[in-house]
file target_14.csv (CSV, C-alpha atoms)
chain,number,residue,atom,x,y,z
A,206,MET,CA,-30.1,-32.0,-20.3
A,207,GLU,CA,-29.2,-29.3,-22.9
A,208,ASN,CA,-31.1,-26.7,-20.9
A,209,ASN,CA,-29.2,-27.7,-17.7
A,210,ARG,CA,-25.9,-27.3,-19.5
A,211,ARG,CA,-26.8,-23.9,-20.8
A,212,ARG,CA,-28.0,-22.8,-17.4
A,213,GLN,CA,-24.7,-24.0,-15.8
A,214,SER,CA,-22.6,-22.3,-18.5
A,215,LEU,CA,-24.6,-19.1,-18.0
A,216,THR,CA,-24.1,-19.4,-14.2
A,217,TRP,CA,-20.3,-19.8,-14.7
A,218,LEU,CA,-20.2,-16.8,-17.0
A,219,ILE,CA,-22.1,-14.6,-14.6
A,220,GLY,CA,-19.8,-15.7,-11.7
A,221,ILE,CA,-16.6,-15.0,-13.8
A,222,ALA,CA,-18.1,-11.5,-14.7
A,223,ILE,CA,-18.8,-10.7,-11.1
A,224,PHE,CA,-15.3,-11.9,-10.1
A,225,MET,CA,-13.7,-9.6,-12.7
A,226,VAL,CA,-15.8,-6.6,-11.6
A,227,VAL,CA,-14.8,-7.2,-8.0
A,228,LEU,CA,-11.1,-7.3,-8.9
A,229,LEU,CA,-11.4,-4.2,-11.1
A,230,TYR,CA,-13.2,-2.2,-8.5
A,231,SER,CA,-11.7,-3.8,-5.4
A,232,ARG,CA,-10.5,-0.6,-3.7
A,233,THR,CA,-13.9,1.1,-4.1
A,234,ILE,CA,-15.7,-2.0,-2.8
A,235,ILE,CA,-13.3,-2.2,0.2
A,236,GLN,CA,-13.9,1.5,1.0
A,237,GLY,CA,-17.6,0.9,1.0
A,238,ILE,CA,-17.3,-2.2,3.1
A,239,SER,CA,-15.0,-0.2,5.5
A,240,GLY,CA,-17.8,2.4,5.9
A,241,ILE,CA,-20.3,-0.3,6.7
A,242,VAL,CA,-17.9,-2.0,9.1
A,243,GLU,CA,-17.3,1.3,10.9
A,244,LEU,CA,-21.0,1.8,11.3
A,245,PHE,CA,-21.8,-1.6,12.7
A,246,ARG,CA,-18.4,-2.2,14.3
A,247,PRO,CA,-19.6,-3.2,17.8
A,248,PHE,CA,-22.0,-5.7,16.4
A,249,LEU,CA,-19.5,-7.2,13.9
A,250,LEU,CA,-17.0,-7.4,16.7
A,251,GLY,CA,-19.6,-9.2,18.8
A,252,ILE,CA,-20.1,-11.7,15.9
A,253,ILE,CA,-16.3,-12.3,15.7
A,254,ILE,CA,-16.1,-12.8,19.5
A,255,ALA,CA,-19.1,-15.2,19.5
A,256,PHE,CA,-17.5,-17.0,16.4
A,257,ILE,CA,-14.2,-17.4,18.2
A,258,LEU,CA,-15.8,-18.6,21.5
A,259,SER,CA,-18.2,-21.0,19.8
A,260,GLN,CA,-15.5,-23.7,19.7
A,261,PRO,CA,-14.5,-23.6,23.4
A,262,TYR,CA,-18.2,-23.3,24.2
A,263,GLU,CA,-19.0,-26.5,22.4
A,264,GLN,CA,-16.1,-28.3,24.2
A,265,PHE,CA,-17.2,-27.1,27.6
A,266,ARG,CA,-20.8,-28.0,26.9
A,267,ARG,CA,-19.8,-31.6,25.9
A,268,LEU,CA,-17.6,-31.8,29.0
A,269,TYR,CA,-20.4,-30.7,31.4
A,270,ILE,CA,-23.0,-33.1,29.8
A,271,LYS,CA,-20.8,-36.2,29.4
A,272,LYS,CA,-18.3,-35.9,32.3
A,273,CYS,CA,-20.2,-33.9,34.9
A,274,ARG,CA,-23.6,-35.3,34.0
A,275,ARG,CA,-25.3,-31.9,33.9
A,276,LYS,CA,-28.6,-31.3,32.2
A,277,ALA,CA,-28.6,-29.6,28.8
A,278,LYS,CA,-29.8,-26.2,30.0
A,279,THR,CA,-27.4,-26.1,32.9
A,280,ALA,CA,-24.5,-27.3,30.7
A,281,HIS,CA,-25.4,-24.5,28.2
A,282,VAL,CA,-25.2,-21.8,30.9
A,283,LEU,CA,-22.0,-23.2,32.4
A,284,ALA,CA,-20.4,-23.5,29.0
A,285,ILE,CA,-21.0,-19.9,28.2
A,286,LEU,CA,-19.6,-18.8,31.6
A,287,SER,CA,-16.6,-21.1,31.2
A,288,ALA,CA,-15.8,-19.8,27.7
A,289,TYR,CA,-15.8,-16.1,28.8
A,290,LEU,CA,-13.8,-17.0,31.9
A,291,LEU,CA,-11.3,-18.6,29.7
A,292,ILE,CA,-10.9,-15.6,27.5
A,293,ILE,CA,-10.7,-13.3,30.6
A,294,ALA,CA,-8.0,-15.5,32.0
A,295,VAL,CA,-6.0,-15.3,28.8
A,296,PHE,CA,-6.4,-11.6,28.6
A,297,ALA,CA,-5.4,-11.2,32.3
A,298,ALA,CA,-2.3,-13.3,31.6
A,299,VAL,CA,-1.3,-11.1,28.6
A,300,VAL,CA,-2.0,-7.9,30.6
A,301,GLY,CA,-0.2,-9.1,33.8
A,302,VAL,CA,2.7,-11.0,32.3
A,303,VAL,CA,3.4,-10.2,28.7
A,304,ILE,CA,2.6,-6.5,28.4
A,305,PRO,CA,4.8,-5.4,31.4
A,306,GLN,CA,7.7,-7.3,29.9
A,307,LEU,CA,7.0,-5.7,26.5
A,308,ILE,CA,6.8,-2.2,28.1
A,309,SER,CA,10.0,-2.8,30.1
A,310,SER,CA,11.8,-3.9,26.9
A,311,ILE,CA,10.6,-0.8,25.0
A,312,GLN,CA,11.7,1.5,27.8
A,313,LEU,CA,15.1,-0.1,28.0
A,314,PHE,CA,15.5,0.2,24.3
A,315,ALA,CA,14.5,3.8,24.2
A,316,GLN,CA,17.0,4.6,27.0
A,317,ASN,CA,19.9,3.0,25.2
A,318,VAL,CA,19.0,3.8,21.6
A,319,GLU,CA,21.7,6.5,21.3
A,320,TYR,CA,24.4,4.1,22.7
A,321,TYR,CA,23.2,1.4,20.3
A,322,LEU,CA,23.5,3.9,17.3
A,323,ARG,CA,27.0,4.9,18.4
A,324,ASN,CA,28.0,1.3,18.8
A,325,LEU,CA,26.7,0.5,15.3
A,326,GLN,CA,28.6,3.5,13.9
A,327,LEU,CA,31.8,2.1,15.4
A,328,GLN,CA,31.1,-1.3,13.9
A,329,LEU,CA,30.4,0.2,10.5
A,330,ASP,CA,33.6,2.4,10.6
A,331,THR,CA,35.7,-0.7,11.4
A,332,LEU,CA,34.0,-2.7,8.6
A,333,THR,CA,34.4,0.0,6.0
A,334,GLN,CA,38.1,0.5,6.9
A,335,GLN,CA,38.8,-3.2,6.6
A,336,LEU,CA,37.0,-3.4,3.2
A,337,HIS,CA,38.2,0.0,2.0
A,338,LEU,CA,34.7,1.2,1.4
A,339,THR,CA,33.2,4.7,1.7
A,340,GLU,CA,32.3,5.6,5.3
A,341,ILE,CA,28.7,5.4,6.3
A,342,ASP,CA,27.6,8.3,8.6
A,343,LEU,CA,24.8,7.7,11.0
A,344,SER,CA,24.9,11.2,12.6
A,345,SER,CA,21.7,12.2,10.7
A,346,VAL,CA,19.9,9.2,12.1
A,347,MET,CA,21.1,10.1,15.6
A,348,ASN,CA,19.9,13.7,15.3
A,349,LEU,CA,16.6,12.4,14.0
A,350,VAL,CA,16.2,10.0,17.0
A,351,GLN,CA,17.1,12.8,19.5
A,352,ALA,CA,14.6,15.1,17.9
A,353,GLY,CA,12.0,12.5,18.0
A,354,LEU,CA,12.6,11.7,21.6
A,355,GLY,CA,12.5,15.5,22.4
A,356,GLN,CA,9.2,15.9,20.6
A,357,PHE,CA,7.8,12.8,22.4
A,358,ASP,CA,8.7,14.4,25.8
A,359,ASN,CA,7.1,17.7,24.9
A,360,ALA,CA,3.9,16.0,23.6
A,361,VAL,CA,3.6,13.3,26.2
A,362,VAL,CA,0.5,14.9,28.0
A,363,PRO,CA,-1.5,15.4,24.7
A,364,LYS,CA,-0.6,11.8,23.7
A,365,ILE,CA,-1.8,10.5,27.0
A,366,LEU,CA,-5.0,12.4,26.8
A,367,SER,CA,-5.5,11.2,23.2
A,368,VAL,CA,-4.8,7.6,24.1
A,369,THR,CA,-7.1,7.8,27.2
A,370,GLY,CA,-10.0,9.1,25.0
A,371,THR,CA,-9.4,6.3,22.5
A,372,MET,CA,-9.3,3.7,25.2
A,373,LEU,CA,-12.6,4.9,26.7
A,374,SER,CA,-14.2,4.7,23.3
A,375,SER,CA,-12.7,1.3,22.6
A,376,LEU,CA,-13.9,0.0,26.0
A,377,ALA,CA,-17.5,1.2,25.3
A,378,THR,CA,-17.4,-0.5,21.9
A,379,LEU,CA,-15.9,-3.7,23.5
A,380,ALA,CA,-18.7,-3.7,26.2
A,381,ILE,CA,-21.4,-3.5,23.5
A,382,ALA,CA,-19.6,-6.2,21.5
A,383,ILE,CA,-19.3,-8.6,24.5
A,384,ALA,CA,-23.0,-8.1,25.4
A,385,PHE,CA,-24.0,-8.8,21.8
A,386,SER,CA,-21.7,-11.9,21.7
A,387,VAL,CA,-23.3,-13.3,24.9
A,388,TYR,CA,-26.7,-12.9,23.3
A,389,LEU,CA,-25.5,-14.7,20.2
A,390,LEU,CA,-24.0,-17.6,22.1
A,391,ALA,CA,-27.0,-17.9,24.4
A,392,GLY,CA,-29.5,-17.9,21.6
A,393,LYS,CA,-27.2,-19.7,19.1
A,394,LYS,CA,-29.7,-22.6,18.2
A,395,ARG,CA,-32.7,-20.3,18.0
A,396,ILE,CA,-30.9,-17.7,15.8
A,397,LEU,CA,-29.6,-20.4,13.4
A,398,SER,CA,-33.0,-22.0,13.3
A,399,GLN,CA,-34.6,-18.7,12.4
A,400,PHE,CA,-32.0,-18.0,9.7
A,401,ASP,CA,-32.6,-21.5,8.3
A,402,ARG,CA,-36.4,-20.9,8.2
A,403,ILE,CA,-35.8,-17.7,6.2
A,404,LEU,CA,-33.7,-19.5,3.6
A,405,GLN,CA,-36.2,-22.3,3.3
A,406,ALA,CA,-39.1,-19.8,2.9
A,407,TYR,CA,-37.5,-17.7,0.1
A,408,LEU,CA,-35.3,-20.1,-1.8
A,409,SER,CA,-36.1,-23.2,-3.9
A,410,ALA,CA,-35.1,-26.6,-2.5
A,411,ASP,CA,-32.0,-26.9,-4.8
A,412,ILE,CA,-30.8,-23.4,-4.1
A,413,TYR,CA,-31.4,-23.8,-0.4
A,414,GLU,CA,-29.3,-27.0,-0.2
A,415,HIS,CA,-26.5,-25.3,-2.2
A,416,MET,CA,-26.6,-22.2,0.0
A,417,ARG,CA,-26.4,-24.4,3.1
A,418,TYR,CA,-23.4,-26.2,1.7
A,419,VAL,CA,-21.6,-22.9,0.8
A,420,LEU,CA,-22.3,-21.4,4.2
A,421,LYS,CA,-21.0,-24.6,5.8
A,422,VAL,CA,-17.7,-24.4,3.8
A,423,ILE,CA,-17.3,-20.7,4.7
A,424,VAL,CA,-17.8,-21.3,8.5
A,425,GLU,CA,-15.5,-24.3,8.6
A,426,SER,CA,-12.8,-22.6,6.5
A,427,PHE,CA,-12.7,-19.5,8.8
A,428,ARG,CA,-12.9,-21.6,12.0
A,429,ASN,CA,-10.1,-23.9,10.9
A,430,TYR,CA,-8.0,-20.9,9.8
A,431,VAL,CA,-8.5,-18.9,13.1
A,432,ILE,CA,-7.8,-21.9,15.3
A,433,GLY,CA,-4.8,-23.2,13.3
A,434,GLN,CA,-3.2,-19.8,12.8
A,435,SER,CA,-3.6,-18.8,16.4
A,436,ILE,CA,-2.1,-22.0,17.7
A,437,GLU,CA,0.8,-21.7,15.3
A,438,ALA,CA,1.5,-18.1,16.3
A,439,VAL,CA,1.5,-19.0,20.1
A,440,ILE,CA,3.8,-22.0,19.5
A,441,LEU,CA,6.2,-20.0,17.3
A,442,GLY,CA,6.3,-17.1,19.8
A,443,GLY,CA,6.8,-19.5,22.7
A,444,LEU,CA,9.7,-21.3,21.0
A,445,CYS,CA,11.2,-18.0,20.0
A,446,PHE,CA,11.1,-16.8,23.6
A,447,ILE,CA,12.6,-20.0,25.0
A,448,GLY,CA,15.4,-20.0,22.4
A,449,MET,CA,16.3,-16.3,22.9
A,450,PHE,CA,16.2,-16.9,26.7
A,451,LEU,CA,18.6,-19.8,26.5
A,452,LEU,CA,20.9,-18.0,24.1
A,453,ARG,CA,20.8,-14.9,26.5
A,454,LEU,CA,19.7,-12.5,23.7
A,455,ASP,CA,18.3,-9.1,24.5
A,456,TYR,CA,14.6,-8.2,24.3
A,457,ALA,CA,13.4,-11.8,24.3
A,458,GLY,CA,9.9,-10.8,25.4
A,459,MET,CA,9.4,-7.9,22.9
A,460,VAL,CA,10.9,-9.9,20.0
A,461,SER,CA,8.8,-13.0,20.8
A,462,MET,CA,5.7,-10.9,21.0
A,463,VAL,CA,6.4,-9.3,17.6
A,464,VAL,CA,7.1,-12.7,16.0
A,465,ALA,CA,3.9,-14.2,17.5
A,466,ILE,CA,1.7,-11.2,16.3
A,467,THR,CA,3.2,-11.1,12.8
A,468,ALA,CA,3.0,-14.9,12.6
A,469,LEU,CA,-0.8,-14.4,12.3
A,470,ILE,CA,0.0,-13.5,8.7
A,471,PRO,CA,0.7,-16.9,7.0
A,472,ILE,CA,4.2,-17.6,5.7
A,473,LEU,CA,5.5,-14.0,5.4
A,474,GLY,CA,4.5,-12.8,8.9
A,475,ALA,CA,7.2,-14.6,10.8
A,476,TYR,CA,9.9,-13.3,8.4
A,477,ILE,CA,8.6,-9.7,9.1
A,478,GLY,CA,9.0,-10.3,12.8
A,479,GLY,CA,12.4,-11.8,12.4
A,480,ALA,CA,13.6,-8.9,10.3
A,481,VAL,CA,12.5,-6.4,13.0
A,482,ALA,CA,14.3,-8.5,15.6
A,483,VAL,CA,17.5,-8.6,13.6
A,484,VAL,CA,17.5,-4.8,13.2
A,485,LEU,CA,17.0,-4.3,17.0
A,486,LEU,CA,19.7,-6.7,17.9
A,487,LEU,CA,22.1,-5.3,15.3
A,488,MET,CA,22.1,-2.0,17.2
A,489,VAL,CA,22.8,-3.9,20.4
A,490,SER,CA,25.5,-6.2,19.1
A,491,PRO,CA,26.2,-7.5,15.5
A,492,MET,CA,27.3,-10.8,16.9
A,493,LYS,CA,24.0,-11.2,18.8
A,494,ALA,CA,22.1,-10.3,15.6
A,495,VAL,CA,24.0,-13.1,13.7
A,496,ILE,CA,23.3,-15.6,16.5
A,497,PHE,CA,19.6,-14.7,16.4
A,498,LEU,CA,19.5,-14.9,12.6
A,499,LEU,CA,21.0,-18.4,12.7
A,500,PHE,CA,18.6,-19.5,15.5
A,501,PHE,CA,15.6,-17.9,13.6
A,502,VAL,CA,16.5,-19.7,10.3
A,503,ILE,CA,16.5,-23.1,12.2
A,504,LEU,CA,13.2,-22.1,13.9
A,505,GLN,CA,11.6,-21.3,10.6
A,506,GLN,CA,12.7,-24.6,9.1
A,507,VAL,CA,11.0,-26.4,12.1
A,508,GLU,CA,8.0,-24.1,11.7
A,509,ASN,CA,7.6,-24.6,7.9
A,510,ASN,CA,8.2,-28.3,7.9
A,511,VAL,CA,6.7,-29.5,11.2
A,512,ILE,CA,4.5,-26.9,12.9
A,513,TYR,CA,2.7,-25.2,10.0
A,514,PRO,CA,1.8,-28.4,8.0
A,515,ARG,CA,0.5,-30.2,11.0
A,516,VAL,CA,-1.2,-27.3,12.8
A,517,VAL,CA,-2.5,-25.1,10.0
A,518,GLY,CA,-2.0,-26.9,6.7
A,519,GLY,CA,-4.0,-29.9,7.8
A,520,ARG,CA,-6.8,-27.7,9.0
A,521,ILE,CA,-7.3,-25.4,6.0
A,522,GLY,CA,-6.4,-27.9,3.3
A,523,LEU,CA,-4.8,-25.3,1.0
A,524,PRO,CA,-1.6,-26.0,-0.9
A,525,GLY,CA,1.4,-23.7,-0.1
A,526,ILE,CA,1.4,-22.1,-3.6
A,527,TRP,CA,-2.2,-20.9,-3.2
A,528,VAL,CA,-1.4,-19.6,0.3
A,529,LEU,CA,1.4,-17.5,-1.1
A,530,LEU,CA,-0.9,-16.3,-4.0
A,531,ALA,CA,-3.7,-15.4,-1.5
A,532,ILE,CA,-1.2,-13.4,0.7
A,533,THR,CA,0.2,-11.5,-2.3
A,534,VAL,CA,-3.1,-10.6,-3.9
A,535,GLY,CA,-4.8,-9.9,-0.5
A,536,GLY,CA,-1.9,-7.6,0.5
A,537,LYS,CA,-2.2,-5.7,-2.8
A,538,ILE,CA,-5.9,-5.2,-2.4
A,539,GLY,CA,-6.3,-4.6,1.4
A,540,GLY,CA,-2.9,-4.4,3.0
A,541,ILE,CA,-2.5,-6.3,6.3
A,542,VAL,CA,-6.2,-6.9,6.6
A,543,GLY,CA,-6.2,-8.3,3.0
A,544,MET,CA,-3.4,-10.7,4.0
A,545,LEU,CA,-5.3,-11.9,7.0
A,546,PHE,CA,-8.6,-12.5,5.1
A,547,GLY,CA,-7.0,-13.6,1.8
A,548,VAL,CA,-6.1,-17.1,3.0
A,549,PRO,CA,-9.5,-18.2,4.4
A,550,THR,CA,-11.2,-16.6,1.3
A,551,THR,CA,-9.0,-18.5,-1.1
A,552,THR,CA,-9.6,-21.6,1.0
A,553,ILE,CA,-13.3,-21.2,0.5
A,554,LEU,CA,-13.0,-20.8,-3.3
A,555,TYR,CA,-10.5,-23.6,-3.5
A,556,THR,CA,-12.7,-26.0,-1.5
A,557,LEU,CA,-15.8,-25.1,-3.5
A,558,LEU,CA,-14.0,-25.6,-6.9
A,559,ARG,CA,-12.3,-28.8,-5.7
A,560,ASN,CA,-15.6,-30.4,-4.6
A,561,SER,CA,-17.3,-29.2,-7.8
A,562,VAL,CA,-14.6,-30.8,-10.0
A,563,ARG,CA,-14.8,-34.1,-8.0
A,564,THR,CA,-18.6,-34.2,-8.4
A,565,ARG,CA,-18.4,-33.6,-12.1
A,566,GLU,CA,-15.8,-36.3,-12.5
A,567,LYS,CA,-17.9,-38.8,-10.7
A,568,ARG,CA,-20.9,-37.9,-12.9
A,569,LYS,CA,-18.8,-38.4,-16.1
A,570,ARG,CA,-17.6,-41.8,-14.9
A,571,ILE,CA,-21.1,-43.0,-14.1

call {"tool": "encode", "arguments": {"input": "target_14.csv", "output": "structure tokens"}}
result
Amino acid sequence: MENNRRRQSLTWLIGIAIFMVVLLYSRTIIQGISGIVELFRPFLLGIIIAFILSQPYEQFRRLYIKKCRRKAKTAHVLAILSAYLLIIAVFAAVVGVVIPQLISSIQLFAQNVEYYLRNLQLQLDTLTQQLHLTEIDLSSVMNLVQAGLGQFDNAVVPKILSVTGTMLSSLATLAIAIAFSVYLLAGKKRILSQFDRILQAYLSADIYEHMRYVLKVIVESFRNYVIGQSIEAVILGGLCFIGMFLLRLDYAGMVSMVVAITALIPILGAYIGGAVAVVLLLMVSPMKAVIFLLFFVILQQVENNVIYPRVVGGRIGLPGIWVLLAITVGGKIGGIVGMLFGVPTTTILYTLLRNSVRTREKRKRI
């Protein structure tokens, strides 16, 4: 008994020491990881695609077996095809509906940006005169915008060539990733079985069971986070578009897209998207910016009190204070990527610690 306690204490000390080293040298570690990610990017992207599609694959497989009465092998093939057809349909909808609306909004904004700045200047002049404040001059901002638009026109061909080269490279990477993800989904059981055999062969029984438990927590935490956060972002973006459309506010498509994308960052993301929208609408009309701000405050209350707790909070099981801490620390360490991965990583640590505490409490009661 005494030896077990010493061993557990030593394990905790080693774990704390490793955690401190990771925090102190986090930037160096992230740079090294970034190099490895860049080297194996197509295969890591394939793993991510297979991980995301594994849930719809399972749903389709059960549907074909139970409802359509298909054999296991047939259901397996049909489920893979259905999962990829689903993602292609979503991608086609985004490309065919959302992106044209987004491009149209950006073009309209670029055409009218000088008018918006002049309108904003008039509003500021009126406000400063009424409040007897020092005048705010936006002429430098106007000159900067005009210079930027001129440089964009002169450099449009090089930019198109650069974007085309990047797109071709990205398409090649995506093709390799999709092929690898198909292989992973098709051989999912066999690959997991081989990995399980390796763990059993090289680890003791206790360590093997503990490793399986940790891996299970990691997979479930990331799966619940991806599903919950994606659903929440789609719901928030959809509600934002419907509200802006009914209120007849400008750039509903572009603003809703920005809000939905930034909402992938828990808690803080939607506020970032809302701030961008307020700035855009402020140049169009201060009154419309105020209307949107009031609408967005109400939408955030609904999102924080109804949507997020039910859609995301129930899935990840992480209290709000720890979500905020994970975002703050993750943002300091890795920027936007750190914010995205901070929450599921903290969820994993929180779940492991919570279950460990409960197990120890039960042992002490016994």

call {"tool": "residues_around", "arguments": {"input": "target_14.csv", "residues": "stretch 422-435 of chain A", "least_positions_apart": "4", "cutoff": "12 Å", "atoms": "all atoms listed in the file", "output": "PyMOL selection string"}}
result
chain A and resi 253-261+415-418+439-442+465-472+474-475+512-523+528+545-560

call {"tool": "closest_atom_pairs", "arguments": {"input": "target_14.csv", "of": "stretch 362-451 of chain A", "to": "stretch 482-498 of chain A", "cutoff": "10 Å", "atoms": "only C-alpha atoms", "output": "Markdown table"}}
result
| residue | atom | partner | partner_atom | distance |
| --- | --- | --- | --- | --- |
| A:Cys445 | CA | A:Phe497 | CA | 9.7 |
| A:Gly448 | CA | A:Phe497 | CA | 9.0 |
| A:Met449 | CA | A:Phe497 | CA | 7.5 |

call {"tool": "closest_residue", "arguments": {"input": "target_14.csv", "among": "A:Tyr476, A:Tyr456, A:Phe224, A:Phe245", "to": "A:Gln505", "atoms": "all atoms listed in the file"}}
result
A:Tyr476

call {"tool": "residues_around", "arguments": {"input": "target_14.csv", "residues": "stretch 285-298 of chain A", "least_positions_apart": "4", "cutoff": "8 Å", "atoms": "all atoms listed in the file", "output": "ChimeraX atom specification"}}
result
/A:258,261-262,265,281,302-303,387,390-391

call {"tool": "residues_around", "arguments": {"input": "target_14.csv", "residues": "A:Leu404", "least_positions_apart": "4", "cutoff": "12 Å", "atoms": "only C-alpha atoms", "output": "number ranges by chain"}}
result
A: 397-400, 408-417, 420
